[in-house]
>>> print(open('my_file.txt').read())   # compact mmCIF, C-alpha atoms
# COMPACT_ATOMS: atom_id res chain seq x y z
CA MET A 166 156.80 265.20 5.39
CA SER A 167 158.17 261.75 5.29
CA ARG A 168 159.44 260.11 8.44
CA PHE A 169 162.89 259.92 6.93
CA GLY A 170 163.08 262.90 4.58
CA SER A 171 161.07 265.53 2.86
CA THR A 172 158.86 264.51 0.01
CA ASP A 173 160.53 266.86 -2.43
CA ASP A 174 163.84 265.02 -2.29
CA ARG A 175 165.26 264.06 -5.61
CA GLU A 176 164.49 260.45 -6.17
CA GLY A 177 167.30 258.19 -7.24
CA VAL A 178 167.21 254.82 -8.88
CA LEU A 179 167.58 251.83 -6.63
CA PRO A 180 169.85 248.91 -7.42
CA PRO A 181 167.76 245.95 -8.57
CA ARG A 182 167.90 243.92 -5.37
CA VAL A 183 167.10 246.88 -3.18
CA ALA A 184 164.30 247.92 -5.52
CA ARG A 185 162.94 244.40 -5.25
CA ALA A 186 163.08 244.44 -1.47
CA VAL A 187 161.33 247.79 -1.33
CA GLU A 188 158.80 246.61 -3.85
CA LEU A 189 158.02 243.52 -1.83
CA LEU A 190 157.50 245.55 1.29
CA ARG A 191 155.43 248.01 -0.68
CA GLU A 192 153.23 245.26 -2.02
CA GLU A 193 152.36 244.04 1.44
CA PRO A 194 148.67 244.94 1.67
CA GLU A 195 148.68 245.20 5.44
CA VAL A 196 151.15 248.08 5.54
CA PRO A 197 149.14 251.29 5.23
CA VAL A 198 149.67 253.13 1.96
CA ALA A 199 151.24 256.16 3.66
CA TRP A 200 153.91 253.98 5.23
CA ARG A 201 154.57 252.23 1.97
CA ASP A 202 155.16 255.59 0.34
CA ASP A 203 157.47 256.60 3.18
CA LEU A 204 159.41 253.42 2.68
CA VAL A 205 159.96 253.98 -1.01
CA ARG A 206 160.71 257.67 -0.57
CA SER A 207 163.21 257.11 2.19
CA ALA A 208 165.01 254.37 0.32
CA THR A 209 165.26 256.36 -2.90
CA THR A 210 166.24 259.55 -1.09
CA LEU A 211 169.00 257.88 0.84
CA HIS A 212 170.25 256.21 -2.28
CA SER A 213 170.34 259.47 -4.23
CA ARG A 214 172.13 261.32 -1.44
CA ARG A 215 174.60 258.60 -0.54
CA PRO A 216 175.27 256.53 -3.65
CA TRP A 217 178.24 254.91 -1.97
CA LEU A 218 175.88 253.55 0.65
CA SER A 219 173.38 252.53 -2.00
CA ALA A 220 172.19 249.10 -1.02
CA ALA A 221 172.87 249.25 2.71
CA ALA A 222 171.40 252.72 3.16
CA ALA A 223 168.30 252.05 1.18
CA VAL A 224 167.71 248.75 2.88
CA LEU A 225 168.34 250.32 6.29
CA ALA A 226 165.61 252.84 5.56
CA ALA A 227 163.29 250.12 4.39
CA GLY A 228 163.98 248.04 7.47
CA VAL A 229 163.55 250.90 9.91
CA CYS A 230 160.38 252.03 8.22
CA ALA A 231 158.97 248.52 8.33
CA ALA A 232 159.92 248.14 11.98
CA VAL A 233 158.33 251.45 12.92
CA ALA A 234 155.25 250.57 10.95
CA LEU A 235 154.99 247.28 12.77
CA GLY A 236 155.63 248.92 16.10
CA HIS A 237 152.79 251.34 15.46
CA ASP A 238 150.40 248.71 14.37
CA ARG A 239 150.86 245.98 16.93
CA GLY A 240 147.98 243.60 17.05
CA ALA A 241 146.45 244.68 13.79
CA ARG A 242 148.59 242.52 11.59
CA SER A 243 148.80 239.27 13.46
CA THR A 244 148.31 236.63 10.84
CA ASP A 245 148.98 233.24 12.30
CA GLY A 246 150.24 233.83 15.79
CA THR A 247 153.70 232.63 14.92
CA ARG A 248 156.44 234.14 17.03
CA GLY A 249 158.44 236.23 14.58
CA ALA A 250 161.47 238.44 14.41
CA PHE A 251 159.50 241.44 15.57
CA GLY A 252 158.64 239.96 18.94
CA GLU A 253 155.31 239.33 20.61
CA THR A 254 153.30 236.90 18.55
CA GLN A 255 153.58 238.78 15.32
CA ARG A 256 154.68 237.56 11.99
CA GLY A 257 155.68 240.87 10.53
CA THR A 258 155.48 242.36 7.11
CA ALA A 259 159.22 242.72 6.80
CA VAL A 260 159.67 239.09 7.72
CA ALA A 261 157.21 238.11 5.03
CA ALA A 262 159.11 240.31 2.62
CA LEU A 263 162.36 238.70 3.64
CA ALA A 264 160.92 235.30 2.98
CA ALA A 265 159.77 236.48 -0.41
CA THR A 266 163.15 238.01 -1.21
CA ALA A 267 164.73 234.62 -0.76
CA PRO A 268 161.78 232.81 -2.24
CA GLU A 269 160.89 229.29 -1.46
CA THR A 270 160.94 227.02 -4.44
CA ALA A 271 158.73 224.22 -5.57
CA PRO A 272 159.71 221.09 -7.48
CA VAL A 273 158.51 221.09 -11.06
CA ARG A 274 158.94 218.30 -13.61
CA PHE A 275 159.22 219.16 -17.30
CA THR A 276 158.82 216.52 -19.98
CA VAL A 277 158.90 216.66 -23.74
CA GLU A 278 158.57 214.04 -26.46
CA ALA A 279 161.62 214.08 -28.72
CA PRO A 280 162.33 210.51 -29.84
CA ASN A 281 165.09 211.21 -32.31
CA ALA A 282 166.86 214.02 -30.49
CA ALA A 283 170.46 213.82 -29.36
CA HIS A 284 170.38 216.70 -26.88
CA VAL A 285 167.42 218.34 -25.18
CA SER A 286 167.50 221.09 -22.57
CA LEU A 287 165.10 223.36 -20.74
CA VAL A 288 165.62 227.09 -21.29
CA GLY A 289 163.67 229.77 -19.48
CA ASP A 290 163.55 233.09 -17.75
CA PHE A 291 164.15 231.36 -14.41
CA GLU A 292 167.81 231.01 -15.36
CA GLY A 293 168.13 234.18 -17.42
CA TRP A 294 167.46 232.48 -20.78
CA ASN A 295 170.89 230.92 -20.60
CA PRO A 296 171.29 229.19 -24.00
CA ALA A 297 172.90 226.16 -22.39
CA GLY A 298 169.74 225.60 -20.41
CA VAL A 299 169.14 222.78 -17.99
CA PRO A 300 170.02 219.44 -19.63
CA MET A 301 167.18 216.94 -19.79
CA SER A 302 167.65 213.19 -19.69
CA LEU A 303 166.08 210.56 -21.90
CA ASP A 304 163.66 208.26 -20.15
CA ALA A 305 163.74 204.50 -20.50
CA ASP A 306 160.91 204.67 -23.05
CA GLY A 307 163.41 206.18 -25.48
CA HIS A 308 161.34 209.18 -26.53
CA THR A 309 160.49 211.23 -23.44
CA TRP A 310 162.98 213.72 -22.07
CA THR A 311 162.60 214.77 -18.45
CA VAL A 312 164.12 217.18 -15.98
CA ASP A 313 163.18 218.11 -12.42
CA VAL A 314 163.92 221.66 -11.33
CA ARG A 315 162.95 223.85 -8.41
CA LEU A 316 161.26 227.13 -9.32
CA ALA A 317 160.28 230.14 -7.28
CA PRO A 318 156.57 230.93 -7.15
CA GLY A 319 155.39 233.04 -10.04
CA ARG A 320 155.00 233.05 -13.79
CA HIS A 321 157.84 231.56 -15.79
CA ALA A 322 158.33 231.54 -19.55
CA PHE A 323 160.28 228.69 -21.06
CA VAL A 324 161.03 226.66 -24.19
CA PHE A 325 162.69 223.35 -24.90
CA SER A 326 165.88 223.37 -26.89
CA VAL A 327 165.82 220.22 -29.03
CA ASP A 328 169.10 219.77 -30.90
CA GLY A 329 169.42 223.54 -30.98
CA GLY A 330 165.89 224.24 -32.19
CA LEU A 331 163.41 225.89 -29.84
CA ARG A 332 160.09 224.20 -29.14
CA VAL A 333 157.12 225.12 -26.96
CA ASP A 334 155.42 222.76 -24.54
CA PRO A 335 152.17 221.79 -26.27
CA ARG A 336 150.49 221.12 -22.92
CA ALA A 337 151.33 224.47 -21.34
CA PRO A 338 149.77 227.90 -21.86
CA MET A 339 151.40 230.04 -24.50
CA ALA A 340 153.06 233.27 -23.45
CA GLY A 341 151.17 236.23 -24.80
CA ASP A 342 154.25 238.25 -25.51
CA ASP A 343 156.02 236.59 -28.39
CA ASP A 344 158.16 239.39 -29.76
CA PHE A 345 160.81 237.44 -31.55
CA GLY A 346 158.96 235.09 -33.86
CA THR A 347 159.48 232.04 -31.66
CA PRO A 348 156.77 231.56 -29.05
CA SER A 349 157.35 230.52 -25.45
CA SER A 350 155.32 228.50 -23.01
CA VAL A 351 154.34 229.56 -19.52
CA ILE A 352 154.17 227.78 -16.21
CA VAL A 353 152.69 229.27 -13.07
CA VAL A 354 154.15 228.07 -9.78
CA PRO A 355 151.72 228.89 -6.97
CA GLN A 356 152.71 230.33 -3.64
CA SER A 357 152.70 227.69 -0.95
CA GLY A 358 149.23 227.44 0.46
CA GLU A 359 147.72 229.02 -2.63
CA HIS A 360 145.48 226.77 -4.67
CA MET B 78 163.11 243.31 38.68
CA ARG B 79 163.21 246.31 36.33
CA PRO B 80 163.12 245.62 32.64
CA VAL B 81 166.52 245.86 31.06
CA MET B 82 165.33 247.71 27.97
CA SER B 83 162.88 250.56 27.75
CA LYS B 84 160.06 250.51 25.22
CA CYS B 85 162.04 252.95 23.06
CA SER B 86 165.12 250.76 23.19
CA CYS B 87 163.05 247.78 22.21
CA ARG B 88 161.78 249.62 19.20
CA ALA B 89 165.27 250.72 18.22
CA ALA B 90 166.53 247.18 18.61
CA THR B 91 163.66 245.96 16.54
CA ALA B 92 164.42 248.48 13.82
CA LEU B 93 168.10 247.58 13.88
CA PHE B 94 167.27 243.91 13.66
CA ALA B 95 164.99 244.55 10.71
CA ALA B 96 167.66 246.57 8.96
CA LEU B 97 170.34 243.97 9.56
CA ALA B 98 168.07 241.15 8.53
CA LEU B 99 167.08 242.90 5.34
CA SER B 100 170.64 243.93 4.62
CA SER B 101 171.98 240.43 5.06
CA VAL B 102 169.50 239.01 2.64
CA VAL B 103 169.06 241.81 0.17
CA ALA B 104 172.11 243.98 0.08
CA SER B 105 175.32 242.86 -1.45
CA PRO B 106 178.63 244.20 -0.25
CA MET B 107 179.91 245.37 -3.59
CA SER B 108 177.89 246.12 -6.65
CA ALA B 109 174.41 244.69 -6.50
CA GLN B 110 174.38 244.05 -10.21
CA ALA B 111 177.85 242.58 -10.41
CA SER B 112 177.52 240.02 -7.65
CA ASP B 113 173.90 239.20 -8.18
CA SER B 114 172.97 235.74 -9.35
CA THR B 115 169.27 236.32 -9.87
CA PRO B 116 167.86 235.32 -13.26
CA ALA B 117 167.67 238.98 -14.24
CA ALA B 118 171.32 239.52 -13.31
CA VAL B 119 172.31 236.45 -15.31
CA ALA B 120 170.23 237.77 -18.19
CA ARG B 121 171.84 241.20 -17.93
CA ALA B 122 175.33 239.73 -17.87
CA SER B 123 174.57 237.76 -21.03
CA LEU B 124 173.79 240.87 -23.07
CA PRO B 125 176.34 242.44 -25.41
CA ALA B 126 177.73 245.63 -23.84
CA ALA B 127 176.08 248.08 -26.23
CA LEU B 128 172.70 246.42 -25.86
CA ARG B 129 173.14 246.18 -22.09
CA ASP B 130 173.63 249.95 -21.87
CA ARG B 131 170.41 250.58 -23.74
CA ILE B 132 168.48 248.10 -21.61
CA ASP B 133 169.99 249.63 -18.45
CA ARG B 134 168.51 252.99 -19.43
CA LEU B 135 165.10 251.45 -20.01
CA ALA B 136 165.36 249.57 -16.71
CA ASP B 137 166.32 252.77 -14.85
CA SER B 138 163.29 254.48 -16.32
CA ALA B 139 161.06 251.57 -15.29
CA ARG B 140 162.38 251.65 -11.72
CA ALA B 141 161.80 255.39 -11.55
CA HIS B 142 158.16 254.65 -12.29
CA ALA B 143 158.08 251.92 -9.64
CA LEU B 144 157.85 249.22 -12.29
CA PRO B 145 159.77 245.94 -12.05
CA ALA B 146 162.97 246.02 -14.09
CA ASP B 147 163.89 242.33 -13.95
CA PRO B 148 161.44 241.33 -16.70
CA LEU B 149 163.11 243.84 -19.03
CA TYR B 150 166.50 242.14 -18.73
CA GLU B 151 164.87 238.75 -19.09
CA LYS B 152 163.03 239.91 -22.21
CA ALA B 153 166.30 241.16 -23.69
CA ALA B 154 168.05 237.87 -22.96
CA GLU B 155 165.14 236.00 -24.52
CA GLY B 156 165.62 238.10 -27.64
CA VAL B 157 169.33 237.28 -27.75
CA LEU B 158 168.55 233.57 -27.33
CA LYS B 159 166.02 233.73 -30.16
CA GLY B 160 168.43 235.50 -32.50
CA ALA B 161 166.66 238.86 -32.68
CA THR B 162 168.48 242.01 -33.75
CA ALA B 163 169.42 244.62 -31.15
CA GLU B 164 166.85 247.04 -32.56
CA ARG B 165 164.10 244.48 -32.28
CA ILE B 166 165.14 243.59 -28.76
CA VAL B 167 165.18 247.21 -27.63
CA GLY B 168 161.78 247.73 -29.23
CA ALA B 169 160.37 244.69 -27.45
CA VAL B 170 161.80 245.76 -24.11
CA ALA B 171 160.46 249.30 -24.48
CA ARG B 172 157.05 247.90 -25.38
CA LEU B 173 157.12 245.57 -22.37
CA SER B 174 157.98 248.50 -20.11
CA ALA B 175 155.01 250.44 -21.47
CA GLU B 176 152.74 247.42 -21.04
CA LEU B 177 153.89 246.96 -17.46
CA GLY B 178 152.84 250.55 -16.86
CA GLN B 179 149.45 249.90 -18.45
CA ALA B 180 149.09 246.78 -16.34
CA ARG B 181 149.91 248.78 -13.21
CA THR B 182 147.18 251.26 -14.08
CA ALA B 183 144.68 248.50 -14.79
CA LEU B 184 145.50 246.15 -11.91
CA GLY B 185 146.22 248.78 -9.29
CA ILE B 186 149.10 249.80 -7.09
CA ASP B 187 148.81 246.65 -5.00
CA ALA B 188 149.43 244.31 -7.94
CA SER B 189 152.52 242.16 -7.51
CA ALA B 190 155.40 242.21 -9.99
CA THR B 191 154.30 238.79 -11.23
CA GLU B 192 150.74 239.99 -11.75
CA LEU B 193 152.06 243.00 -13.63
CA LEU B 194 154.11 240.77 -15.90
CA ALA B 195 151.15 238.46 -16.52
CA GLY B 196 148.95 241.49 -17.14
CA ALA B 197 151.49 243.00 -19.53
CA SER B 198 151.61 239.72 -21.40
CA ALA B 199 147.81 239.69 -21.73
CA ILE B 200 147.83 243.29 -22.93
CA HIS B 201 150.50 242.40 -25.45
CA ALA B 202 148.31 239.55 -26.69
CA GLY B 203 145.43 241.96 -27.29
CA ALA B 204 143.60 242.48 -24.00
CA ASP B 205 142.13 245.91 -23.48
CA PRO B 206 143.90 247.35 -20.42
CA ALA B 207 140.65 248.93 -19.29
CA ARG B 208 138.99 245.50 -19.23
CA LEU B 209 141.70 244.07 -16.99
CA ALA B 210 140.29 246.24 -14.24
CA ASP B 211 137.08 244.19 -14.60
CA LEU B 212 139.04 241.13 -13.56
CA VAL B 213 140.29 242.92 -10.46
CA GLN B 214 136.74 243.87 -9.56
CA ALA B 215 135.49 240.35 -10.16
CA ALA B 216 138.29 238.91 -8.02
CA ARG B 217 137.32 240.95 -4.96
CA GLY B 218 135.53 238.01 -3.39
CA ARG B 219 138.44 235.60 -3.73
CA PRO B 220 140.31 234.46 -0.64
CA ARG B 221 142.89 236.95 0.59
CA GLY B 222 146.32 236.42 -0.90
CA THR B 223 145.01 234.67 -4.00
CA SER B 224 146.74 236.18 -6.98
CA LEU B 225 145.41 236.99 -10.42
CA VAL B 226 148.48 235.54 -12.12
CA LEU B 227 146.87 232.36 -13.42
CA PRO B 228 143.69 234.02 -14.75
CA LEU B 229 145.90 236.53 -16.56
CA VAL B 230 148.10 233.77 -17.98
CA VAL B 231 144.97 231.95 -19.17
CA LEU B 232 143.71 235.20 -20.71
CA ALA B 233 146.95 235.63 -22.66
CA ASP B 234 146.77 232.02 -23.80
CA MET B 235 143.17 232.40 -24.97
CA LEU B 236 144.03 235.52 -26.94
CA GLN B 237 146.93 233.70 -28.55
CA ARG B 238 144.40 231.09 -29.63
CA HIS B 239 142.28 233.81 -31.26
CA VAL B 240 139.52 234.01 -28.68
CA THR B 241 137.91 237.45 -29.01
CA PRO B 242 139.21 239.70 -26.20
CA ALA B 243 135.71 240.55 -24.97
CA VAL B 244 134.72 236.88 -24.86
CA ALA B 245 137.94 235.89 -23.06
CA VAL B 246 137.66 238.62 -20.42
CA GLY B 247 133.94 237.88 -20.04
CA SER B 248 134.69 234.21 -19.43
CA LEU B 249 137.30 234.90 -16.78
CA THR B 250 135.16 237.53 -15.11
CA THR B 251 132.26 235.09 -14.90
CA LEU B 252 134.41 232.42 -13.33
CA LEU B 253 136.09 234.80 -10.89
CA ARG B 254 132.66 235.93 -9.72
CA SER B 255 131.68 232.28 -9.35
CA GLY B 256 134.58 231.73 -6.99
CA ALA B 257 136.75 229.73 -9.39
CA GLY B 258 140.24 228.91 -8.21
CA ASP B 259 143.42 228.22 -10.11
CA ALA B 260 142.40 224.58 -10.69
CA GLU B 261 139.26 225.71 -12.54
CA PHE B 262 141.23 228.19 -14.65
CA THR B 263 143.73 225.49 -15.54
CA SER B 264 140.88 223.17 -16.55
CA LEU B 265 139.24 225.92 -18.57
CA ARG B 266 142.38 226.59 -20.56
CA ALA B 267 142.92 222.93 -21.37
CA ALA B 268 139.25 222.47 -22.30
CA VAL B 269 139.23 225.50 -24.59
CA GLU B 270 142.35 224.23 -26.28
CA SER B 271 140.72 220.81 -26.76
CA GLY B 272 137.52 222.36 -28.05
CA ILE B 273 139.42 224.35 -30.64
CA ALA B 274 141.36 221.24 -31.63
CA ARG B 275 138.03 219.43 -32.13
CA GLY B 276 136.93 222.11 -34.58
CA GLN B 277 134.96 224.53 -32.42
CA THR B 278 135.52 228.21 -33.04
CA PRO B 279 137.65 229.79 -30.29
CA ASP B 280 134.75 231.88 -29.00
CA LEU B 281 132.32 228.97 -29.00
CA ALA B 282 134.80 226.73 -27.22
CA THR B 283 135.40 229.41 -24.60
CA ARG B 284 131.71 230.05 -23.96
CA ALA B 285 130.85 226.35 -23.79
CA GLN B 286 133.68 225.51 -21.42
CA THR B 287 133.05 228.54 -19.25
CA ASP B 288 129.43 227.44 -18.83
CA ALA B 289 130.57 223.92 -18.00
CA VAL B 290 133.04 225.07 -15.34
CA ALA B 291 130.53 227.53 -13.85
CA ARG B 292 127.93 224.74 -13.70
CA GLN B 293 130.38 222.47 -11.91
CA LEU B 294 131.11 225.19 -9.37
CA ARG B 295 127.39 225.68 -8.73
CA ASP B 296 126.84 221.95 -8.33
CA VAL B 297 129.68 221.64 -5.86
CA ARG B 298 128.31 224.47 -3.74
CA LYS B 299 124.67 223.47 -3.95
CA PRO B 300 123.53 222.28 -0.51
CA PRO B 301 122.45 218.64 -0.49
CA ALA B 302 118.72 218.16 -0.96
CA ILE B 303 116.87 217.35 2.23
CA GLU B 304 115.00 214.12 1.87
CA GLN B 305 111.27 214.65 2.33
CA ARG B 306 109.54 211.92 4.30
CA PRO B 307 105.81 211.48 4.00
>>> encode(input="my_file.txt", output="structure tokens")
Amino acid sequence: MSRFGSTDDREGVLPPRVARAVELLREEPEVPVAWRDDLVRSATTLHSRRPWLSAAAAVLAAGVCAAVALGHDRGARSTDGTRGAFGETQRGTAVAALAATAPETAPVRFTVEAPNAAHVSLVGDFEGWNPAGVPMSLDADGHTWTVDVRLAPGRHAFVFSVDGGLRVDPRAPMAGDDDFGTPSSVIVVPQSGEH
Amino acid sequence: MRPVMSKCSCRAATALFAALALSSVVASPMSAQASDSTPAAVARASLPAALRDRIDRLADSARAHALPADPLYEKAAEGVLKGATAERIVGAVARLSAELGQARTALGIDASATELLAGASAIHAGADPARLADLVQAARGRPRGTSLVLPLVVLADMLQRHVTPAVAVGSLTTLLRSGAGDAEFTSLRAAVESGIARGQTPDLATRAQTDAVARQLRDVRKPPAIEQRP
């Protein structure tokens, strides 16, 4: 029996942002597995029963479950002693998940050599492969194009669009999943504090 | 003075706060997909309607299996950008979904969405899913919170450069066991690429550079010799 519903409830499909929130909470290694399962079950159950509540209901379940989990496990999950939203000197799982849901970003500089190009842009999964991309500007040397962007931590695939043609970054790892005959490059942005 | 709130009330308030906090950040008042400005939502919005419907079904199926759906929309948008046909895009997205599932099995339930995507990419490039579990085992001694994303990205890159899968996984496993961090994996990838460019076979370049990086790690950790005085 789940804390918020029976385990044989029909599971619905969560909207993407709720699914991501639940997933982030579920990934938190310090929440016991049973609670993680409760969290997912309760969110999906509520969503399937009350589609009109979808996001709010599912997130409510996730939040309550996380809060109860934290309440039950006081002291065991203190990470850095920072005073957090869950009181005492805890920095709670849900708070960490919240931070991850609105991820911090890191500055990243992209450069590409394209001396004779008229227009160069950066295109990648971090902006939904928008064909317009992020325009790059020509450096004073006359052949290097540069752009500074802020990216969330994680793995990002990208290409340079040079006068409409797509080009990989020769200095970056190649993506292993070229399905469309034009390879992509990959950049990994570490989590803050991760080296 | 008596406390204003009982322990139970505190817990309820805490739960309410958590719910409100999560809702304010995560939930959107109308349709999550319509008002979302995440890369995946932008990618989804860029798809032609017929293709979007087909990708929606694949994404629903992925979510039902607790797999991340965002990469599926991003893969589809990548296909559109690169001029692929709808059939090819749907095939690629379905394959990615299957590979995410294989990555989940190999990397474990605790793997992050980013690790799953990196693992799926490595599998797509030719890694044996069963061997990915070796990486997880080898990474057990790494500092807590250190992800496997970069080793998996390096693995996919090596396979793209025609390093034999067993040699590539063996290299990464060796370095993970030696305590290598992301800096060492980044160096390894660049060195392998250089070695291949200089004419070494991919496997030879990988073995040679792996040995070099492992040696450096040993040297760094070797305690300084104590000077013997007569």
>>> atom_distance(input="my_file.txt", atom1="CA of Gly289 in chain A", atom2="CA of His321 in chain A")
7.1 Å
>>> closest_residue(input="my_file.txt", among="A:Asp328, A:Asp313, A:Asp342, A:Glu269", to="chain B", atoms="all atoms listed in the file")
A:Asp342
>>> closest_residue(input="my_file.txt", among="A:Thr309, A:Ser302, A:Ser326, A:Asn295", to="chain B", atoms="all atoms listed in the file")
A:Asn295
>>> atom_distance(input="my_file.txt", atom1="CA of Arg284 in chain B", atom2="CA of Ser248 in chain B")
6.8 Å
>>> atom_distance(input="my_file.txt", atom1="CA of Gly160 in chain B", atom2="CA of Ser198 in chain B")
20.6 Å
>>> residues_near_point(input="my_file.txt", point="(161.1, 251.7, -19.1)", cutoff="10 Å", atoms="only C-alpha atoms", output="PDB file with C-alpha atoms, in the coordinates of the input")
ATOM      1  CA  ILE B 132     168.480 248.100 -21.610  1.00  0.00           C
ATOM      2  CA  ASP B 133     169.990 249.630 -18.450  1.00  0.00           C
ATOM      3  CA  ARG B 134     168.510 252.990 -19.430  1.00  0.00           C
ATOM      4  CA  LEU B 135     165.100 251.450 -20.010  1.00  0.00           C
ATOM      5  CA  ALA B 136     165.360 249.570 -16.710  1.00  0.00           C
ATOM      6  CA  ASP B 137     166.320 252.770 -14.850  1.00  0.00           C
ATOM      7  CA  SER B 138     163.290 254.480 -16.320  1.00  0.00           C
ATOM      8  CA  ALA B 139     161.060 251.570 -15.290  1.00  0.00           C
ATOM      9  CA  ARG B 140     162.380 251.650 -11.720  1.00  0.00           C
ATOM     10  CA  ALA B 141     161.800 255.390 -11.550  1.00  0.00           C
ATOM     11  CA  HIS B 142     158.160 254.650 -12.290  1.00  0.00           C
ATOM     12  CA  ALA B 143     158.080 251.920  -9.640  1.00  0.00           C
ATOM     13  CA  LEU B 144     157.850 249.220 -12.290  1.00  0.00           C
ATOM     14  CA  PRO B 145     159.770 245.940 -12.050  1.00  0.00           C
ATOM     15  CA  ALA B 146     162.970 246.020 -14.090  1.00  0.00           C
ATOM     16  CA  LEU B 149     163.110 243.840 -19.030  1.00  0.00           C
ATOM     17  CA  VAL B 170     161.800 245.760 -24.110  1.00  0.00           C
ATOM     18  CA  ALA B 171     160.460 249.300 -24.480  1.00  0.00           C
ATOM     19  CA  ARG B 172     157.050 247.900 -25.380  1.00  0.00           C
ATOM     20  CA  LEU B 173     157.120 245.570 -22.370  1.00  0.00           C
ATOM     21  CA  SER B 174     157.980 248.500 -20.110  1.00  0.00           C
ATOM     22  CA  ALA B 175     155.010 250.440 -21.470  1.00  0.00           C
ATOM     23  CA  GLU B 176     152.740 247.420 -21.040  1.00  0.00           C
ATOM     24  CA  LEU B 177     153.890 246.960 -17.460  1.00  0.00           C
ATOM     25  CA  GLY B 178     152.840 250.550 -16.860  1.00  0.00           C
TER      26      GLY B 178
END
>>> closest_atom_pairs(input="my_file.txt", of="range 264-339 of chain A", to="range 188-197 of chain B", cutoff="10 Å", atoms="all atoms listed in the file", output="Markdown table")
| residue | atom | partner | partner_atom | distance |
| --- | --- | --- | --- | --- |
| A:Pro318 | CA | B:Thr191 | CA | 9.1 |
| A:Gly319 | CA | B:Thr191 | CA | 6.0 |
| A:Arg320 | CA | B:Thr191 | CA | 6.3 |
| A:His321 | CA | B:Thr191 | CA | 9.3 |
>>> residues_around(input="my_file.txt", residues="range 210-227 of chain B", least_positions_apart="3", cutoff="8 Å", atoms="only C-alpha atoms", output="number ranges by chain")
A: 319-320, 353, 359-360; B: 183-184, 191-192, 195-196, 206-207, 230-231, 246, 249-251, 253-254, 256, 259, 262-263
>>> write_last_selection(input="my_file.txt", atoms="C-alpha atoms", output="PDB file, in the coordinates of the input")
ATOM      1  CA  GLY A 319     155.390 233.040 -10.040  1.00  0.00           C
ATOM      2  CA  ARG A 320     155.000 233.050 -13.790  1.00  0.00           C
ATOM      3  CA  VAL A 353     152.690 229.270 -13.070  1.00  0.00           C
ATOM      4  CA  GLU A 359     147.720 229.020  -2.630  1.00  0.00           C
ATOM      5  CA  HIS A 360     145.480 226.770  -4.670  1.00  0.00           C
TER       6      HIS A 360
ATOM      7  CA  ALA B 183     144.680 248.500 -14.790  1.00  0.00           C
ATOM      8  CA  LEU B 184     145.500 246.150 -11.910  1.00  0.00           C
ATOM      9  CA  THR B 191     154.300 238.790 -11.230  1.00  0.00           C
ATOM     10  CA  GLU B 192     150.740 239.990 -11.750  1.00  0.00           C
ATOM     11  CA  ALA B 195     151.150 238.460 -16.520  1.00  0.00           C
ATOM     12  CA  GLY B 196     148.950 241.490 -17.140  1.00  0.00           C
ATOM     13  CA  PRO B 206     143.900 247.350 -20.420  1.00  0.00           C
ATOM     14  CA  ALA B 207     140.650 248.930 -19.290  1.00  0.00           C
ATOM     15  CA  VAL B 230     148.100 233.770 -17.980  1.00  0.00           C
ATOM     16  CA  VAL B 231     144.970 231.950 -19.170  1.00  0.00           C
ATOM     17  CA  VAL B 246     137.660 238.620 -20.420  1.00  0.00           C
ATOM     18  CA  LEU B 249     137.300 234.900 -16.780  1.00  0.00           C
ATOM     19  CA  THR B 250     135.160 237.530 -15.110  1.00  0.00           C
ATOM     20  CA  THR B 251     132.260 235.090 -14.900  1.00  0.00           C
ATOM     21  CA  LEU B 253     136.090 234.800 -10.890  1.00  0.00           C
ATOM     22  CA  ARG B 254     132.660 235.930  -9.720  1.00  0.00           C
ATOM     23  CA  GLY B 256     134.580 231.730  -6.990  1.00  0.00           C
ATOM     24  CA  ASP B 259     143.420 228.220 -10.110  1.00  0.00           C
ATOM     25  CA  PHE B 262     141.230 228.190 -14.650  1.00  0.00           C
ATOM     26  CA  THR B 263     143.730 225.490 -15.540  1.00  0.00           C
TER      27      THR B 263
END
>>> closest_residue(input="my_file.txt", among="B:Gly247, B:Leu124, B:Gly258, B:Thr182", to="chain A", atoms="all atoms listed in the file")
B:Gly258
>>> residues_around(input="my_file.txt", residues="Ser123 in chain B", least_positions_apart="5", cutoff="10 Å", atoms="all atoms listed in the file", output="PyMOL selection string")
(chain A and resi 293-296) or (chain B and resi 117-118+129+150-151+153-154+157-158)
>>> residues_around(input="my_file.txt", residues="Ser349 in chain A", least_positions_apart="6", cutoff="7 Å", atoms="all atoms listed in the file", output="ChimeraX atom specification")
/A:322-324,333,339-340,343
>>> decode(input="my_file.txt", residues="range 323-334 of chain A", atoms="C-alpha atoms", output="CSV table (one decimal), in the first residue's frame")
chain,number,residue,atom,x,y,z
A,323,PHE,CA,25.5,20.8,-31.0
A,324,VAL,CA,26.8,21.8,-34.4
A,325,PHE,CA,27.9,25.1,-36.1
A,326,SER,CA,25.8,26.4,-38.9
A,327,VAL,CA,28.2,28.0,-41.3
A,328,ASP,CA,26.4,29.8,-44.1
A,329,GLY,CA,23.7,27.2,-43.8
A,330,GLY,CA,25.9,24.2,-43.8
A,331,LEU,CA,26.3,22.1,-40.6
A,332,ARG,CA,29.8,21.6,-39.2
A,333,VAL,CA,31.0,19.7,-36.1
A,334,ASP,CA,33.5,21.1,-33.6
